[in-house]
Structures are given as structure tokens and as C-alpha cells.
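*Asks:* What follows is entry16.cif, made up of mmCIF, N, CA and C atoms:
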data_protein
loop_
_atom_site.label_atom_id
_atom_site.label_comp_id
_atom_site.auth_asym_id
_atom_site.auth_seq_id
_atom_site.Cartn_x
_atom_site.Cartn_y
_atom_site.Cartn_z
N TYR H 1 -33.82 253.89 25.91
CA TYR H 1 -35.11 253.29 26.16
C TYR H 1 -35.92 254.13 27.14
N GLN H 2 -37.20 254.20 26.90
CA GLN H 2 -38.08 255.02 27.73
C GLN H 2 -38.59 254.27 28.96
N ARG H 3 -38.89 255.01 29.98
CA ARG H 3 -39.51 254.45 31.18
C ARG H 3 -41.02 254.39 30.96
N TYR H 4 -41.69 253.65 31.85
CA TYR H 4 -43.14 253.52 31.73
C TYR H 4 -43.82 254.89 31.78
N SER H 5 -43.33 255.78 32.60
CA SER H 5 -43.96 257.10 32.71
C SER H 5 -44.06 257.81 31.35
N ALA H 6 -43.07 257.62 30.49
CA ALA H 6 -43.11 258.23 29.16
C ALA H 6 -44.06 257.49 28.22
N LEU H 7 -44.18 256.19 28.41
CA LEU H 7 -45.05 255.36 27.55
C LEU H 7 -46.48 255.31 28.04
N ARG H 8 -46.69 255.66 29.29
CA ARG H 8 -48.00 255.53 29.94
C ARG H 8 -49.15 256.12 29.13
N PRO H 9 -49.04 257.35 28.60
CA PRO H 9 -50.19 257.90 27.86
C PRO H 9 -50.62 257.01 26.69
N PHE H 10 -49.66 256.43 25.99
CA PHE H 10 -49.99 255.57 24.85
C PHE H 10 -50.59 254.25 25.31
N ILE H 11 -49.99 253.66 26.31
CA ILE H 11 -50.48 252.38 26.83
C ILE H 11 -51.88 252.55 27.41
N ARG H 12 -52.08 253.58 28.22
CA ARG H 12 -53.39 253.81 28.83
C ARG H 12 -54.47 254.05 27.78
N ASN H 13 -54.08 254.67 26.67
CA ASN H 13 -55.04 254.98 25.62
C ASN H 13 -55.52 253.73 24.87
N TYR H 14 -54.66 252.72 24.78
CA TYR H 14 -54.97 251.56 23.96
C TYR H 14 -55.15 250.24 24.72
N VAL H 15 -54.72 250.20 25.97
CA VAL H 15 -54.73 248.93 26.70
C VAL H 15 -55.53 249.07 27.99
N ALA H 16 -56.61 248.33 28.08
CA ALA H 16 -57.44 248.35 29.30
C ALA H 16 -56.72 247.63 30.44
N ASN H 17 -57.02 248.03 31.67
CA ASN H 17 -56.40 247.40 32.84
C ASN H 17 -56.63 245.89 32.88
N SER H 18 -57.75 245.46 32.36
CA SER H 18 -58.10 244.03 32.39
C SER H 18 -57.51 243.24 31.22
N SER H 19 -56.79 243.91 30.33
CA SER H 19 -56.20 243.24 29.16
C SER H 19 -55.19 242.18 29.57
N ARG H 20 -55.14 241.12 28.78
CA ARG H 20 -54.11 240.09 28.95
C ARG H 20 -52.91 240.55 28.13
N VAL H 21 -51.85 240.94 28.83
CA VAL H 21 -50.68 241.56 28.20
C VAL H 21 -49.53 240.55 28.12
N LEU H 22 -48.87 240.50 26.96
CA LEU H 22 -47.65 239.73 26.80
C LEU H 22 -46.50 240.71 26.65
N MET H 23 -45.52 240.62 27.54
CA MET H 23 -44.32 241.45 27.49
C MET H 23 -43.21 240.59 26.88
N VAL H 24 -42.84 240.89 25.64
CA VAL H 24 -41.86 240.10 24.89
C VAL H 24 -40.45 240.60 25.21
N GLY H 25 -39.58 239.68 25.59
CA GLY H 25 -38.20 240.05 25.90
C GLY H 25 -38.10 240.94 27.12
N CYS H 26 -38.72 240.49 28.22
CA CYS H 26 -38.83 241.32 29.42
C CYS H 26 -37.50 241.63 30.09
N GLY H 27 -36.54 240.71 29.98
CA GLY H 27 -35.25 240.93 30.66
C GLY H 27 -35.48 241.24 32.13
N ASN H 28 -34.77 242.25 32.64
CA ASN H 28 -34.95 242.66 34.03
C ASN H 28 -35.60 244.03 34.13
N ALA H 29 -36.34 244.42 33.11
CA ALA H 29 -37.00 245.72 33.08
C ALA H 29 -38.12 245.81 34.12
N VAL H 30 -38.40 247.02 34.56
CA VAL H 30 -39.43 247.24 35.58
C VAL H 30 -40.77 247.70 35.00
N ILE H 31 -40.90 247.73 33.68
CA ILE H 31 -42.15 248.22 33.08
C ILE H 31 -43.36 247.42 33.54
N SER H 32 -43.22 246.10 33.68
CA SER H 32 -44.36 245.29 34.13
C SER H 32 -44.77 245.64 35.55
N GLU H 33 -43.79 245.84 36.42
CA GLU H 33 -44.08 246.27 37.79
C GLU H 33 -44.81 247.61 37.78
N ASP H 34 -44.32 248.54 36.98
CA ASP H 34 -44.95 249.86 36.90
C ASP H 34 -46.38 249.75 36.37
N MET H 35 -46.60 248.85 35.42
CA MET H 35 -47.96 248.68 34.91
C MET H 35 -48.89 248.10 35.97
N VAL H 36 -48.40 247.16 36.77
CA VAL H 36 -49.21 246.61 37.86
C VAL H 36 -49.54 247.72 38.86
N LYS H 37 -48.59 248.53 39.19
CA LYS H 37 -48.83 249.65 40.11
C LYS H 37 -49.83 250.64 39.53
N ASP H 38 -49.97 250.63 38.20
CA ASP H 38 -50.92 251.51 37.51
C ASP H 38 -52.26 250.82 37.27
N GLY H 39 -52.42 249.60 37.81
CA GLY H 39 -53.72 248.94 37.77
C GLY H 39 -53.85 247.77 36.81
N TYR H 40 -52.81 247.44 36.08
CA TYR H 40 -52.89 246.30 35.16
C TYR H 40 -52.88 244.99 35.95
N GLU H 41 -53.65 244.02 35.47
CA GLU H 41 -53.96 242.83 36.28
C GLU H 41 -53.36 241.52 35.78
N ASP H 42 -52.91 241.46 34.53
CA ASP H 42 -52.50 240.17 33.96
C ASP H 42 -51.40 240.38 32.94
N ILE H 43 -50.15 240.22 33.37
CA ILE H 43 -49.01 240.43 32.48
C ILE H 43 -48.13 239.19 32.46
N MET H 44 -48.02 238.60 31.28
CA MET H 44 -47.13 237.46 31.07
C MET H 44 -45.83 238.00 30.49
N ASN H 45 -44.74 237.74 31.17
CA ASN H 45 -43.42 238.20 30.76
C ASN H 45 -42.62 237.02 30.26
N ILE H 46 -42.04 237.15 29.05
CA ILE H 46 -41.21 236.08 28.52
C ILE H 46 -39.85 236.62 28.13
N ASP H 47 -38.86 235.76 28.25
CA ASP H 47 -37.50 236.10 27.83
C ASP H 47 -36.76 234.81 27.54
N ILE H 48 -35.81 234.87 26.65
CA ILE H 48 -35.02 233.69 26.30
C ILE H 48 -34.02 233.34 27.40
N SER H 49 -33.70 234.31 28.26
CA SER H 49 -32.72 234.10 29.31
C SER H 49 -33.34 233.49 30.57
N SER H 50 -32.94 232.26 30.88
CA SER H 50 -33.44 231.62 32.10
C SER H 50 -32.94 232.36 33.34
N VAL H 51 -31.76 232.95 33.27
CA VAL H 51 -31.22 233.72 34.40
C VAL H 51 -32.12 234.91 34.70
N ALA H 52 -32.49 235.66 33.65
CA ALA H 52 -33.37 236.82 33.83
C ALA H 52 -34.73 236.40 34.37
N ILE H 53 -35.28 235.32 33.84
CA ILE H 53 -36.60 234.86 34.28
C ILE H 53 -36.58 234.45 35.74
N GLU H 54 -35.58 233.70 36.16
CA GLU H 54 -35.50 233.27 37.57
C GLU H 54 -35.32 234.48 38.49
N LEU H 55 -34.49 235.43 38.08
CA LEU H 55 -34.30 236.66 38.86
C LEU H 55 -35.62 237.39 39.05
N MET H 56 -36.37 237.54 37.97
CA MET H 56 -37.63 238.28 38.03
C MET H 56 -38.71 237.50 38.77
N ARG H 57 -38.75 236.20 38.62
CA ARG H 57 -39.71 235.38 39.39
C ARG H 57 -39.50 235.58 40.88
N THR H 58 -38.26 235.57 41.29
CA THR H 58 -37.94 235.75 42.71
C THR H 58 -38.28 237.16 43.16
N LYS H 59 -37.88 238.13 42.37
CA LYS H 59 -38.12 239.54 42.73
C LYS H 59 -39.61 239.85 42.87
N TYR H 60 -40.42 239.25 42.00
CA TYR H 60 -41.85 239.58 41.96
C TYR H 60 -42.74 238.43 42.41
N GLU H 61 -42.23 237.59 43.29
CA GLU H 61 -43.03 236.44 43.74
C GLU H 61 -44.30 236.86 44.47
N HIS H 62 -44.36 238.08 44.98
CA HIS H 62 -45.55 238.55 45.70
C HIS H 62 -46.44 239.43 44.82
N PHE H 63 -46.23 239.36 43.52
CA PHE H 63 -47.06 240.08 42.55
C PHE H 63 -47.80 239.04 41.71
N PRO H 64 -48.99 238.63 42.11
CA PRO H 64 -49.70 237.59 41.35
C PRO H 64 -50.10 238.03 39.95
N GLN H 65 -50.08 239.32 39.69
CA GLN H 65 -50.43 239.83 38.36
C GLN H 65 -49.33 239.57 37.34
N LEU H 66 -48.12 239.26 37.83
CA LEU H 66 -46.97 239.06 36.96
C LEU H 66 -46.60 237.59 36.89
N LYS H 67 -46.49 237.09 35.67
CA LYS H 67 -46.05 235.71 35.45
C LYS H 67 -44.82 235.76 34.56
N TYR H 68 -43.90 234.81 34.78
CA TYR H 68 -42.64 234.79 34.04
C TYR H 68 -42.38 233.40 33.46
N LEU H 69 -42.07 233.35 32.16
CA LEU H 69 -41.73 232.11 31.48
C LEU H 69 -40.48 232.30 30.63
N GLN H 70 -39.59 231.33 30.73
CA GLN H 70 -38.43 231.33 29.84
C GLN H 70 -38.91 230.76 28.52
N MET H 71 -38.70 231.52 27.45
CA MET H 71 -39.24 231.11 26.16
C MET H 71 -38.52 231.86 25.04
N ASP H 72 -38.34 231.18 23.93
CA ASP H 72 -37.81 231.81 22.72
C ASP H 72 -39.01 232.44 22.00
N PHE H 73 -39.00 233.74 21.88
CA PHE H 73 -40.16 234.44 21.30
C PHE H 73 -40.32 234.17 19.81
N ARG H 74 -39.38 233.47 19.20
CA ARG H 74 -39.54 233.08 17.80
C ARG H 74 -40.44 231.85 17.67
N ASP H 75 -40.71 231.20 18.81
CA ASP H 75 -41.61 230.04 18.83
C ASP H 75 -42.41 230.08 20.13
N MET H 76 -43.56 230.70 20.06
CA MET H 76 -44.43 230.82 21.24
C MET H 76 -45.63 229.89 21.12
N SER H 77 -45.40 228.71 20.55
CA SER H 77 -46.47 227.75 20.34
C SER H 77 -47.08 227.27 21.66
N PHE H 78 -46.43 227.54 22.77
CA PHE H 78 -46.98 227.23 24.09
C PHE H 78 -48.33 227.94 24.27
N PHE H 79 -48.46 229.12 23.66
CA PHE H 79 -49.69 229.91 23.76
C PHE H 79 -50.55 229.68 22.53
N SER H 80 -51.84 229.53 22.77
CA SER H 80 -52.77 229.41 21.64
C SER H 80 -53.05 230.78 21.05
N ASP H 81 -53.59 230.78 19.83
CA ASP H 81 -53.98 232.03 19.18
C ASP H 81 -54.93 232.81 20.09
N ASP H 82 -54.85 234.10 20.03
CA ASP H 82 -55.75 234.99 20.77
C ASP H 82 -55.63 234.85 22.29
N THR H 83 -54.49 234.37 22.77
CA THR H 83 -54.28 234.26 24.22
C THR H 83 -54.16 235.64 24.85
N PHE H 84 -53.65 236.59 24.11
CA PHE H 84 -53.38 237.92 24.65
C PHE H 84 -54.16 238.98 23.92
N ASP H 85 -54.45 240.06 24.65
CA ASP H 85 -55.12 241.21 24.06
C ASP H 85 -54.11 242.22 23.54
N CYS H 86 -52.92 242.18 24.08
CA CYS H 86 -51.90 243.16 23.73
C CYS H 86 -50.51 242.55 23.88
N ILE H 87 -49.63 242.88 22.96
CA ILE H 87 -48.23 242.47 23.04
C ILE H 87 -47.39 243.72 23.07
N ILE H 88 -46.49 243.79 24.03
CA ILE H 88 -45.59 244.94 24.14
C ILE H 88 -44.16 244.44 23.95
N ASP H 89 -43.46 245.11 23.05
CA ASP H 89 -42.05 244.83 22.80
C ASP H 89 -41.33 246.17 22.87
N LYS H 90 -40.47 246.33 23.89
CA LYS H 90 -39.76 247.60 24.05
C LYS H 90 -38.38 247.61 23.41
N GLY H 91 -37.90 246.52 22.90
CA GLY H 91 -36.57 246.55 22.31
C GLY H 91 -36.11 245.23 21.72
N THR H 92 -36.94 244.22 21.83
CA THR H 92 -36.55 242.89 21.39
C THR H 92 -36.32 242.83 19.88
N LEU H 93 -37.23 243.38 19.11
CA LEU H 93 -37.09 243.35 17.66
C LEU H 93 -35.82 244.09 17.24
N ASP H 94 -35.55 245.19 17.86
CA ASP H 94 -34.36 245.95 17.54
C ASP H 94 -33.10 245.13 17.82
N SER H 95 -33.08 244.43 18.95
CA SER H 95 -31.91 243.62 19.27
C SER H 95 -31.78 242.43 18.31
N LEU H 96 -32.91 241.88 17.88
CA LEU H 96 -32.86 240.79 16.90
C LEU H 96 -32.22 241.25 15.59
N MET H 97 -32.49 242.47 15.21
CA MET H 97 -31.97 242.99 13.96
C MET H 97 -30.45 243.19 14.00
N CYS H 98 -29.88 243.12 15.18
CA CYS H 98 -28.42 243.27 15.32
C CYS H 98 -27.71 241.92 15.37
N GLY H 99 -28.45 240.84 15.37
CA GLY H 99 -27.84 239.52 15.53
C GLY H 99 -27.70 238.76 14.24
N ASN H 100 -27.22 237.54 14.38
CA ASN H 100 -27.12 236.62 13.24
C ASN H 100 -28.51 236.24 12.78
N SER H 101 -28.66 236.01 11.50
CA SER H 101 -29.95 235.62 10.91
C SER H 101 -31.05 236.62 11.28
N ALA H 102 -30.71 237.90 11.23
CA ALA H 102 -31.61 238.96 11.68
C ALA H 102 -32.97 238.91 10.99
N LEU H 103 -32.99 238.81 9.69
CA LEU H 103 -34.26 238.84 8.97
C LEU H 103 -35.11 237.62 9.28
N LEU H 104 -34.51 236.45 9.33
CA LEU H 104 -35.25 235.23 9.65
C LEU H 104 -35.79 235.29 11.08
N SER H 105 -34.94 235.64 12.03
CA SER H 105 -35.36 235.71 13.44
C SER H 105 -36.48 236.73 13.62
N SER H 106 -36.35 237.88 12.99
CA SER H 106 -37.37 238.92 13.10
C SER H 106 -38.69 238.46 12.49
N ALA H 107 -38.62 237.82 11.34
CA ALA H 107 -39.83 237.31 10.70
C ALA H 107 -40.51 236.25 11.56
N GLN H 108 -39.72 235.39 12.19
CA GLN H 108 -40.29 234.36 13.06
C GLN H 108 -40.99 235.01 14.26
N MET H 109 -40.33 235.98 14.89
CA MET H 109 -40.94 236.65 16.04
C MET H 109 -42.24 237.35 15.64
N LEU H 110 -42.21 238.11 14.55
CA LEU H 110 -43.40 238.84 14.13
C LEU H 110 -44.51 237.90 13.68
N GLY H 111 -44.15 236.77 13.10
CA GLY H 111 -45.16 235.77 12.76
C GLY H 111 -45.88 235.26 13.98
N GLU H 112 -45.14 235.03 15.04
CA GLU H 112 -45.74 234.57 16.30
C GLU H 112 -46.61 235.67 16.91
N VAL H 113 -46.11 236.88 16.94
CA VAL H 113 -46.85 238.00 17.52
C VAL H 113 -48.16 238.24 16.77
N CYS H 114 -48.15 238.04 15.48
CA CYS H 114 -49.35 238.28 14.67
C CYS H 114 -50.49 237.30 14.99
N ARG H 115 -50.19 236.22 15.67
CA ARG H 115 -51.26 235.30 16.06
C ARG H 115 -52.13 235.89 17.17
N PHE H 116 -51.64 236.94 17.79
CA PHE H 116 -52.35 237.58 18.89
C PHE H 116 -53.03 238.85 18.38
N SER H 117 -53.82 239.47 19.21
CA SER H 117 -54.71 240.54 18.74
C SER H 117 -54.07 241.88 18.41
N SER H 118 -53.41 242.52 19.35
CA SER H 118 -52.94 243.89 19.16
C SER H 118 -51.44 243.95 19.33
N ILE H 119 -50.81 244.87 18.63
CA ILE H 119 -49.36 245.03 18.73
C ILE H 119 -49.05 246.47 19.12
N LEU H 120 -48.21 246.63 20.12
CA LEU H 120 -47.73 247.97 20.52
C LEU H 120 -46.24 248.01 20.39
#
Starting from the coordinates I provided, produce the structure as C-alpha cells.
*Replies:*
Amino acid sequence: YQRYSALRPFIRNYVANSSRVLMVGCGNAVISEDMVKDGYEDIMNIDISSVAIELMRTKYEHFPQLKYLQMDFRDMSFFSDDTFDCIIDKGTLDSLMCGNSALLSSAQMLGEVCRFSSIL
């Protein structure tokens, strides 16, 4: 997996600092922190793991630009259509393809992501 520094040229080219970003399957990755340090202002991080979400909420409690929600990305009905300007997935789809019901789970996730504007 690549670090933000390697992805930065692509993200900077397509995602404005003011964009509402959804980070799907954030886990304990630091990409959201790196994006905030690079000027991004609104990043919603979701993960199915409540342990990961609580860890990250505590770690980044002084970063108001970062929000964390425990959520199954196959059902993001909590968010209305067009809530986000950009969705970033660094490895979630790949991990879904390795699990049980891979095709169904992947289709559900992509169906949810398609309700939003841009996909990276």
C-alpha cells in the first residue's frame, strides 16, 4: 500500500481542499491525518471495526477536520445522496474480494459509493 506522499499528486489534482471526503475502510491508516496536514478540511472516516474507530477518535480528538464513524460500508444509508464530493478507498474493495460473498459484498459497497459524486 502506498503512503499519502505517493498518492498526493493524484489527490491534489482531483480533490479540492474544501471537498467533503469520505475515507472508506479507514482502519488505523494515517492518510487522513496527512491530508489534513496538506490542507484538507472535512474528512469522514468510516470502518466496520469499532475498535479501530475508537482508537482513531482518541488519537485524533484534536483534529476537528477528522470525523470517525463505525459503519458497514455496504450500507451507508446514514448518509444522504451527494453528501460527499469524493470517496477514497485504499484497499477496502480488494479486501472484500478476498472474503466470503465477495461479489455480493463488493456490489453492495460499490452501489453505496455510486450514490456519491466522485470515486478515487
*Asks:* Pull the alpha helix (DSSP H) assignments for region 26-120 of chain H out of DSSP run on the backbone, and list those residues as a PyMOL selection string.
*Replies:* chain H and resi 31-37+50-59+92-96+102-113
*Asks:* For CA of Tyr4 (chain H) and CA of Gly99 (chain H), quote the distance in Å rounded to one decimal.
*Replies:* 26.3 Å
*Asks:* Between H:Leu110, H:Ile31, H:Asn100, H:Thr58, which is the closest to Arg3 (chain H) once you count all atoms listed in the file?
*Replies:*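 Result for the nearest residue to Arg3 (chain H): H:Ile31.
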*Asks:* What does the distance between atom C of Ile46 (chain H) and atom C of Ser101 (chain H) come to in Å, to one decimal place?
*Replies:* 19.0 Å
*Asks:* Applying 10 Å and only C-alpha atoms, which residues near region 23-27 of chain H remain after dropping the ones on its own chain fewer than 5 positions away? List them as a compact mmCIF listing (two decimals) with N, CA and C atoms, in the coordinates of the input.
*Replies:*
# COMPACT_ATOMS: atom_id res chain seq x y z
N SER H 32 -43.22 246.10 33.68
CA SER H 32 -44.36 245.29 34.13
C SER H 32 -44.77 245.64 35.55
N ILE H 43 -50.15 240.22 33.37
CA ILE H 43 -49.01 240.43 32.48
C ILE H 43 -48.13 239.19 32.46
N MET H 44 -48.02 238.60 31.28
CA MET H 44 -47.13 237.46 31.07
C MET H 44 -45.83 238.00 30.49
N ASN H 45 -44.74 237.74 31.17
CA ASN H 45 -43.42 238.20 30.76
C ASN H 45 -42.62 237.02 30.26
N ILE H 46 -42.04 237.15 29.05
CA ILE H 46 -41.21 236.08 28.52
C ILE H 46 -39.85 236.62 28.13
N ASP H 47 -38.86 235.76 28.25
CA ASP H 47 -37.50 236.10 27.83
C ASP H 47 -36.76 234.81 27.54
N ILE H 48 -35.81 234.87 26.65
CA ILE H 48 -35.02 233.69 26.30
C ILE H 48 -34.02 233.34 27.40
N SER H 49 -33.70 234.31 28.26
CA SER H 49 -32.72 234.10 29.31
C SER H 49 -33.34 233.49 30.57
N SER H 50 -32.94 232.26 30.88
CA SER H 50 -33.44 231.62 32.10
C SER H 50 -32.94 232.36 33.34
N VAL H 51 -31.76 232.95 33.27
CA VAL H 51 -31.22 233.72 34.40
C VAL H 51 -32.12 234.91 34.70
N ALA H 52 -32.49 235.66 33.65
CA ALA H 52 -33.37 236.82 33.83
C ALA H 52 -34.73 236.40 34.37
N ILE H 53 -35.28 235.32 33.84
CA ILE H 53 -36.60 234.86 34.28
C ILE H 53 -36.58 234.45 35.74
N LEU H 55 -34.49 235.43 38.08
CA LEU H 55 -34.30 236.66 38.86
C LEU H 55 -35.62 237.39 39.05
N MET H 56 -36.37 237.54 37.97
CA MET H 56 -37.63 238.28 38.03
C MET H 56 -38.71 237.50 38.77
N LYS H 67 -46.49 237.09 35.67
CA LYS H 67 -46.05 235.71 35.45
C LYS H 67 -44.82 235.76 34.56
N TYR H 68 -43.90 234.81 34.78
CA TYR H 68 -42.64 234.79 34.04
C TYR H 68 -42.38 233.40 33.46
N LEU H 69 -42.07 233.35 32.16
CA LEU H 69 -41.73 232.11 31.48
C LEU H 69 -40.48 232.30 30.63
N GLN H 70 -39.59 231.33 30.73
CA GLN H 70 -38.43 231.33 29.84
C GLN H 70 -38.91 230.76 28.52
N MET H 71 -38.70 231.52 27.45
CA MET H 71 -39.24 231.11 26.16
C MET H 71 -38.52 231.86 25.04
N ASP H 72 -38.34 231.18 23.93
CA ASP H 72 -37.81 231.81 22.72
C ASP H 72 -39.01 232.44 22.00
N PHE H 73 -39.00 233.74 21.88
CA PHE H 73 -40.16 234.44 21.30
C PHE H 73 -40.32 234.17 19.81
N CYS H 86 -52.92 242.18 24.08
CA CYS H 86 -51.90 243.16 23.73
C CYS H 86 -50.51 242.55 23.88
N ILE H 87 -49.63 242.88 22.96
CA ILE H 87 -48.23 242.47 23.04
C ILE H 87 -47.39 243.72 23.07
N ILE H 88 -46.49 243.79 24.03
CA ILE H 88 -45.59 244.94 24.14
C ILE H 88 -44.16 244.44 23.95
N ASP H 89 -43.46 245.11 23.05
CA ASP H 89 -42.05 244.83 22.80
C ASP H 89 -41.33 246.17 22.87
N LYS H 90 -40.47 246.33 23.89
CA LYS H 90 -39.76 247.60 24.05
C LYS H 90 -38.38 247.61 23.41
N GLY H 91 -37.90 246.52 22.90
CA GLY H 91 -36.57 246.55 22.31
C GLY H 91 -36.11 245.23 21.72
N THR H 92 -36.94 244.22 21.83
CA THR H 92 -36.55 242.89 21.39
C THR H 92 -36.32 242.83 19.88
N LEU H 93 -37.23 243.38 19.11
CA LEU H 93 -37.09 243.35 17.66
C LEU H 93 -35.82 244.09 17.24
N SER H 95 -33.08 244.43 18.95
CA SER H 95 -31.91 243.62 19.27
C SER H 95 -31.78 242.43 18.31
N MET H 109 -40.33 235.98 14.89
CA MET H 109 -40.94 236.65 16.04
C MET H 109 -42.24 237.35 15.64
N VAL H 113 -46.11 236.88 16.94
CA VAL H 113 -46.85 238.00 17.52
C VAL H 113 -48.16 238.24 16.77
